[in-house]
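S.K.: Hey, dropping coords-v2.pdb in here, PDB, C-alpha atoms, pLDDT in the B column:
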ATOM      1  CA  MET A  27       1.424 -30.006 -47.221  1.00 74.00           C
ATOM      2  CA  LYS A  28       4.385 -27.966 -48.444  1.00 78.00           C
ATOM      3  CA  THR A  29       2.235 -24.811 -48.516  1.00 79.00           C
ATOM      4  CA  LEU A  30       1.093 -25.423 -44.949  1.00 68.00           C
ATOM      5  CA  LEU A  31       4.713 -25.796 -43.787  1.00 67.00           C
ATOM      6  CA  ASN A  32       5.642 -22.567 -45.567  1.00 71.00           C
ATOM      7  CA  VAL A  33       2.767 -20.696 -43.899  1.00 71.00           C
ATOM      8  CA  VAL A  34       3.640 -22.099 -40.456  1.00 71.00           C
ATOM      9  CA  GLY A  35       7.314 -21.221 -41.048  1.00 76.00           C
ATOM     10  CA  ILE A  36       6.455 -17.642 -42.032  1.00 79.00           C
ATOM     11  CA  ILE A  37       4.202 -17.238 -38.987  1.00 79.00           C
ATOM     12  CA  PHE A  38       6.946 -18.627 -36.730  1.00 71.00           C
ATOM     13  CA  VAL A  39       9.550 -16.225 -38.169  1.00 73.00           C
ATOM     14  CA  CYS A  40       7.143 -13.288 -37.753  1.00 62.00           C
ATOM     15  CA  VAL A  41       6.458 -14.190 -34.128  1.00 69.00           C
ATOM     16  CA  VAL A  42      10.192 -14.501 -33.397  1.00 68.00           C
ATOM     17  CA  LEU A  43      10.866 -11.122 -35.058  1.00 61.00           C
ATOM     18  CA  LEU A  44       8.030  -9.540 -33.092  1.00 63.00           C
ATOM     19  CA  LEU A  45       9.416 -10.914 -29.810  1.00 60.00           C
ATOM     20  CA  VAL A  46      12.921  -9.684 -30.668  1.00 58.00           C
ATOM     21  CA  ALA A  47      11.540  -6.219 -31.446  1.00 54.00           C
ATOM     22  CA  ALA A  48       9.531  -6.276 -28.212  1.00 53.00           C
ATOM     23  CA  ARG A  49      12.634  -7.253 -26.233  1.00 52.00           C
ATOM     24  CA  ILE A  50      14.642  -4.405 -27.756  1.00 57.00           C
ATOM     25  CA  THR A  51      11.978  -1.733 -27.301  1.00 53.00           C
ATOM     26  CA  GLY A  52      10.599  -3.104 -24.039  1.00 54.00           C
ATOM     27  CA  PHE A  53       6.931  -2.330 -24.573  1.00 69.00           C
ATOM     28  CA  GLY A  54       6.582  -1.286 -20.935  1.00 70.00           C
ATOM     29  CA  PRO A  55       3.199  -0.380 -19.463  1.00 79.00           C
ATOM     30  CA  HIS A  56       1.697   2.866 -20.698  1.00 71.00           C
ATOM     31  CA  GLY A  57      -1.452   4.758 -19.740  1.00 72.00           C
ATOM     32  CA  GLY A  58      -2.979   1.924 -17.719  1.00 72.00           C
ATOM     33  CA  THR A  59      -2.217  -0.690 -20.363  1.00 81.00           C
ATOM     34  CA  PRO A  60       0.053  -3.572 -19.268  1.00 87.00           C
ATOM     35  CA  GLY A  61       3.336  -4.090 -21.032  1.00 89.00           C
ATOM     36  CA  LEU A  62       6.206  -6.542 -21.333  1.00 90.00           C
ATOM     37  CA  TRP A  63       9.859  -5.845 -20.438  1.00 93.00           C
ATOM     38  CA  LEU A  64      10.913  -2.849 -18.356  1.00 94.00           C
ATOM     39  CA  LYS A  65      13.917  -0.838 -19.549  1.00 94.00           C
ATOM     40  CA  GLY A  66      16.271   1.267 -17.427  1.00 95.00           C
ATOM     41  CA  ASP A  67      19.482   1.257 -15.413  1.00 96.00           C
ATOM     42  CA  LEU A  68      19.777  -1.744 -13.091  1.00 97.00           C
ATOM     43  CA  VAL A  69      20.582  -0.933  -9.449  1.00 96.00           C
ATOM     44  CA  THR A  70      22.248  -3.889  -7.731  1.00 93.00           C
ATOM     45  CA  ALA A  71      23.059  -2.283  -4.376  1.00 94.00           C
ATOM     46  CA  PRO A  72      20.655  -2.825  -1.463  1.00 94.00           C
ATOM     47  CA  VAL A  73      18.440   0.131  -0.578  1.00 96.00           C
ATOM     48  CA  SER A  74      18.346   0.871   3.153  1.00 95.00           C
ATOM     49  CA  ASP A  75      15.738   3.639   3.021  1.00 97.00           C
ATOM     50  CA  TRP A  76      12.995   3.783   0.404  1.00 98.00           C
ATOM     51  CA  SER A  77      11.559   7.092   1.640  1.00 96.00           C
ATOM     52  CA  PHE A  78      12.701   8.728  -1.624  1.00 96.00           C
ATOM     53  CA  THR A  79       9.616   7.073  -3.156  1.00 97.00           C
ATOM     54  CA  ASP A  80       7.404   9.445  -1.139  1.00 96.00           C
ATOM     55  CA  GLN A  81       7.780  11.792  -4.120  1.00 95.00           C
ATOM     56  CA  ILE A  82       6.973   9.045  -6.649  1.00 95.00           C
ATOM     57  CA  GLU A  83       3.328   8.656  -7.670  1.00 93.00           C
ATOM     58  CA  THR A  84       3.510   5.198  -9.256  1.00 94.00           C
ATOM     59  CA  VAL A  85       6.046   2.497 -10.105  1.00 96.00           C
ATOM     60  CA  ASN A  86       6.169  -0.226 -12.733  1.00 96.00           C
ATOM     61  CA  VAL A  87       6.360  -3.889 -11.743  1.00 97.00           C
ATOM     62  CA  GLN A  88       7.475  -6.676 -14.077  1.00 96.00           C
ATOM     63  CA  THR A  89       6.466 -10.225 -13.186  1.00 96.00           C
ATOM     64  CA  SER A  90       7.112 -13.594 -14.814  1.00 94.00           C
ATOM     65  CA  THR A  91       4.147 -15.254 -16.481  1.00 92.00           C
ATOM     66  CA  ARG A  92       3.453 -18.942 -17.045  1.00 91.00           C
ATOM     67  CA  TYR A  93       3.902 -18.514 -20.773  1.00 89.00           C
ATOM     68  CA  LEU A  94       7.515 -17.246 -20.425  1.00 85.00           C
ATOM     69  CA  LEU A  95       6.812 -13.612 -21.345  1.00 89.00           C
ATOM     70  CA  PRO A  96       7.105 -10.841 -18.779  1.00 94.00           C
ATOM     71  CA  HIS A  97       4.029  -8.916 -17.666  1.00 93.00           C
ATOM     72  CA  SER A  98       4.510  -5.340 -16.457  1.00 95.00           C
ATOM     73  CA  VAL A  99       1.989  -3.014 -14.862  1.00 94.00           C
ATOM     74  CA  THR A 100       1.805   0.329 -13.096  1.00 94.00           C
ATOM     75  CA  THR A 101       0.912   0.314  -9.400  1.00 94.00           C
ATOM     76  CA  TYR A 102       1.110   2.424  -6.256  1.00 94.00           C
ATOM     77  CA  CYS A 103       4.015   2.356  -3.821  1.00 97.00           C
ATOM     78  CA  VAL A 104       4.267   3.342  -0.174  1.00 97.00           C
ATOM     79  CA  ALA A 105       7.343   3.791   1.986  1.00 97.00           C
ATOM     80  CA  TYR A 106       6.684   2.843   5.608  1.00 97.00           C
ATOM     81  CA  ASN A 107       9.445   2.813   8.248  1.00 96.00           C
ATOM     82  CA  GLY A 108      12.004   3.093   5.440  1.00 96.00           C
ATOM     83  CA  GLN A 109      10.688  -0.069   3.761  1.00 98.00           C
ATOM     84  CA  LEU A 110       8.936  -0.182   0.382  1.00 98.00           C
ATOM     85  CA  TYR A 111       5.477  -1.675  -0.106  1.00 98.00           C
ATOM     86  CA  LEU A 112       3.342  -2.132  -3.214  1.00 97.00           C
ATOM     87  CA  THR A 113      -0.438  -2.275  -3.096  1.00 94.00           C
ATOM     88  CA  SER A 114      -3.145  -3.744  -5.262  1.00 91.00           C
ATOM     89  CA  VAL A 115      -6.842  -3.009  -4.760  1.00 87.00           C
ATOM     90  CA  TYR A 116      -9.503  -5.595  -5.608  1.00 81.00           C
ATOM     91  CA  ARG A 117     -13.214  -5.087  -5.907  1.00 73.00           C
ATOM     92  CA  ALA A 118     -15.385  -6.806  -3.326  1.00 69.00           C
ATOM     93  CA  GLY A 119     -15.495 -10.571  -3.538  1.00 66.00           C
ATOM     94  CA  LEU A 120     -12.029 -11.160  -4.969  1.00 63.00           C
ATOM     95  CA  GLU A 121      -9.233 -12.361  -2.724  1.00 64.00           C
ATOM     96  CA  TYR A 122      -5.501 -12.705  -3.251  1.00 61.00           C
ATOM     97  CA  PRO A 123      -4.155 -13.912  -5.598  1.00 63.00           C
ATOM     98  CA  HIS A 124      -7.217 -13.866  -7.872  1.00 64.00           C
ATOM     99  CA  GLY A 125      -8.266 -10.730  -9.703  1.00 67.00           C
ATOM    100  CA  ARG A 126      -5.071  -9.170 -11.002  1.00 80.00           C
ATOM    101  CA  SER A 127      -2.665 -10.980 -13.322  1.00 87.00           C
ATOM    102  CA  TRP A 128       0.417  -9.537 -11.677  1.00 91.00           C
ATOM    103  CA  ASN A 129      -0.771 -10.689  -8.229  1.00 91.00           C
ATOM    104  CA  THR A 130      -1.277 -14.209  -9.576  1.00 90.00           C
ATOM    105  CA  ASP A 131       2.210 -14.097 -11.097  1.00 94.00           C
ATOM    106  CA  VAL A 132       3.712 -12.964  -7.761  1.00 94.00           C
ATOM    107  CA  ALA A 133       1.921 -15.769  -5.898  1.00 92.00           C
ATOM    108  CA  ARG A 134       3.586 -18.253  -8.267  1.00 94.00           C
ATOM    109  CA  ASP A 135       6.998 -16.503  -8.491  1.00 95.00           C
ATOM    110  CA  PRO A 136       7.703 -13.597  -6.090  1.00 97.00           C
ATOM    111  CA  HIS A 137      10.786 -12.376  -7.999  1.00 97.00           C
ATOM    112  CA  VAL A 138       9.998  -9.087  -9.728  1.00 97.00           C
ATOM    113  CA  ARG A 139      11.659  -6.133 -11.402  1.00 97.00           C
ATOM    114  CA  ILE A 140      10.531  -2.711 -10.180  1.00 98.00           C
ATOM    115  CA  LYS A 141      11.072   0.454 -12.197  1.00 97.00           C
ATOM    116  CA  ILE A 142      11.258   3.713 -10.275  1.00 97.00           C
ATOM    117  CA  GLY A 143      12.050   6.638 -12.540  1.00 94.00           C
ATOM    118  CA  ASP A 144      14.755   5.290 -14.868  1.00 95.00           C
ATOM    119  CA  LYS A 145      16.126   2.833 -12.293  1.00 97.00           C
ATOM    120  CA  LEU A 146      15.404  -0.911 -12.186  1.00 98.00           C
ATOM    121  CA  TYR A 147      15.460  -2.963  -8.984  1.00 98.00           C
ATOM    122  CA  ASP A 148      15.359  -6.760  -9.011  1.00 97.00           C
ATOM    123  CA  ARG A 149      13.572  -7.658  -5.789  1.00 98.00           C
ATOM    124  CA  THR A 150      11.311 -10.231  -4.123  1.00 98.00           C
ATOM    125  CA  LEU A 151       7.761  -9.469  -3.012  1.00 97.00           C
ATOM    126  CA  SER A 152       6.323 -10.887   0.185  1.00 97.00           C
ATOM    127  CA  TYR A 153       2.560 -10.846   0.712  1.00 95.00           C
ATOM    128  CA  VAL A 154       1.854  -9.089   4.026  1.00 97.00           C
ATOM    129  CA  THR A 155      -0.477 -11.084   6.290  1.00 95.00           C
ATOM    130  CA  ASP A 156       0.261  -9.410   9.642  1.00 97.00           C
ATOM    131  CA  PRO A 157      -2.849  -7.296  10.427  1.00 96.00           C
ATOM    132  CA  ALA A 158      -0.920  -4.547  12.247  1.00 97.00           C
ATOM    133  CA  GLU A 159       1.640  -4.161   9.454  1.00 98.00           C
ATOM    134  CA  ARG A 160      -1.114  -4.187   6.792  1.00 96.00           C
ATOM    135  CA  ALA A 161      -3.126  -1.553   8.668  1.00 96.00           C
ATOM    136  CA  SER A 162      -0.067   0.691   9.077  1.00 97.00           C
ATOM    137  CA  VAL A 163       0.865   0.457   5.397  1.00 97.00           C
ATOM    138  CA  ILE A 164      -2.740   1.088   4.299  1.00 95.00           C
ATOM    139  CA  ALA A 165      -2.878   4.148   6.601  1.00 95.00           C
ATOM    140  CA  ALA A 166       0.372   5.404   5.025  1.00 97.00           C
ATOM    141  CA  LYS A 167      -1.156   4.801   1.578  1.00 95.00           C
ATOM    142  CA  ARG A 168      -4.268   6.803   2.454  1.00 94.00           C
ATOM    143  CA  LYS A 169      -2.034   9.644   3.654  1.00 95.00           C
ATOM    144  CA  LYS A 170       0.130   9.570   0.493  1.00 96.00           C
ATOM    145  CA  TYR A 171      -2.848   9.294  -1.888  1.00 95.00           C
ATOM    146  CA  PRO A 172      -5.689  11.274  -0.233  1.00 94.00           C
ATOM    147  CA  GLN A 173      -7.400  11.736  -3.619  1.00 92.00           C
ATOM    148  CA  GLN A 174      -7.719   7.977  -4.134  1.00 88.00           C
ATOM    149  CA  LYS A 175     -11.157   6.777  -3.089  1.00 86.00           C
ATOM    150  CA  ILE A 176     -11.172   3.108  -2.116  1.00 84.00           C
ATOM    151  CA  PRO A 177     -14.604   1.628  -1.387  1.00 84.00           C
ATOM    152  CA  ALA A 178     -14.871   0.109   2.086  1.00 82.00           C
ATOM    153  CA  THR A 179     -15.815  -3.242   0.528  1.00 84.00           C
ATOM    154  CA  SER A 180     -12.567  -3.431  -1.472  1.00 85.00           C
ATOM    155  CA  THR A 181      -9.705  -5.745  -0.637  1.00 84.00           C
ATOM    156  CA  ILE A 182      -6.281  -4.102  -0.490  1.00 88.00           C
ATOM    157  CA  ASN A 183      -3.345  -6.423  -1.018  1.00 90.00           C
ATOM    158  CA  VAL A 184      -0.039  -5.321   0.443  1.00 95.00           C
ATOM    159  CA  PHE A 185       3.349  -6.598  -0.732  1.00 97.00           C
ATOM    160  CA  HIS A 186       6.609  -5.940   1.120  1.00 98.00           C
ATOM    161  CA  VAL A 187       9.564  -5.358  -1.222  1.00 98.00           C
ATOM    162  CA  LEU A 188      12.592  -7.361  -0.056  1.00 97.00           C
ATOM    163  CA  ASP A 189      16.176  -7.466  -1.297  1.00 91.00           C
ATOM    164  CA  ASN A 190      16.981 -10.632  -3.223  1.00 81.00           C
TER     165      ASN A 190
END
What is this file in structure tokens?
M.R.:
Amino acid sequence: MKTLLNVVGIIFVCVVLLLVAARITGFGPHGGTPGLWLKGDLVTAPVSDWSFTDQIETVNVQTSTRYLLPHSVTTYCVAYNGQLYLTSVYRAGLEYPHGRSWNTDVARDPHVRIKIGDKLYDRTLSYVTDPAERASVIAAKRKKYPQQKIPATSTINVFHVLDN
């Protein structure tokens, strides 16, 4: 029994040390692989015009998971009418919020951290349901990313980035 407690104690200490190291280093997403915490300089001021993101290829988004660890991914961003939108493409047959972990996290808790360059923005995501707004943002996305081929059967989820 004492040996079992020692082993469990050692495993617990190792897990805590690993989480502390992860918190310090961040382990952000890299090369298509999801990560944990995003690191950078926090911007607290509201942003009135997100058109500066027209020059940004992708952004990182950190969501809150059920198991209390952050989940961060790389995704595409689109500025439309000065507002910022994030998109997520699903293969045919999958609907929001199923299919992508970060979309499921946003459906449960819309508060996210977005990393653009070295800047962090704590914001709220709102799933866009208005057909006209969705169509306009998707058209802006196709214009910004002409090389991206999205099959006609795919579902494109659109999230409006709002100030907290």
S.K.: Can you tell me, as a PyMOL selection string, what residues are no more than 8 Å from A:Asp189 when counting all atoms listed in the file, ignoring any on the same chain fewer than 5 positions away?
M.R.: chain A and resi 72-73+148-150
S.K.: Name all residues at most 10 Å from stretch 107-118 of chain A (count all atoms listed in the file; drop same-chain ones fewer than 3 positions away) and give them as a ChimeraX atom specification.
M.R.: /A:73-80,84-85,87,101-104,121-126,128-129,151-154,160,162-164,166-167,176-188
S.K.: Evaluate the PyMOL selection byres ((chain A and resi 91) around 9) against this structure - the residues, as a ChimeraX atom specification, please.
M.R.: /A:89-90,92-97,127-128,130-131,134-135
S.K.: What is the atom CA of A:Lys65-atom CA of A:Ala105 distance in Å, reported with one decimal?
M.R.: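 Interatomic distance here is 23.0 Å.
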S.K.: One decimal, Å: what's the distance from atom CA of A:Asp156 over to atom CA of A:Lys169, could you say?
M.R.: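 One can read the atom CA of A:Asp156 to atom CA of A:Lys169 distance as 20.1 Å.
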S.K.: In Å, how far is it from atom CA of A:Phe38 to atom CA of A:Leu62?
M.R.: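 Going from atom CA of A:Phe38 over to atom CA of A:Leu62, I get 19.6 Å.
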S.K.: Between A:Val138, A:Val39, A:Val33, A:Met27, which residue has the minimum interatomic distance to A:Leu64, considering all atoms listed in the file?
M.R.: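 Under the stated criterion, the closest residue is A:Val138.
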S.K.: Looking at only C-alpha atoms, which of A:Arg139, A:Ala161, A:Thr155, A:Gln174 is the one that sits closest to A:Val69?
M.R.: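 Answer, going by the shortest atom-to-atom distance: A:Arg139.
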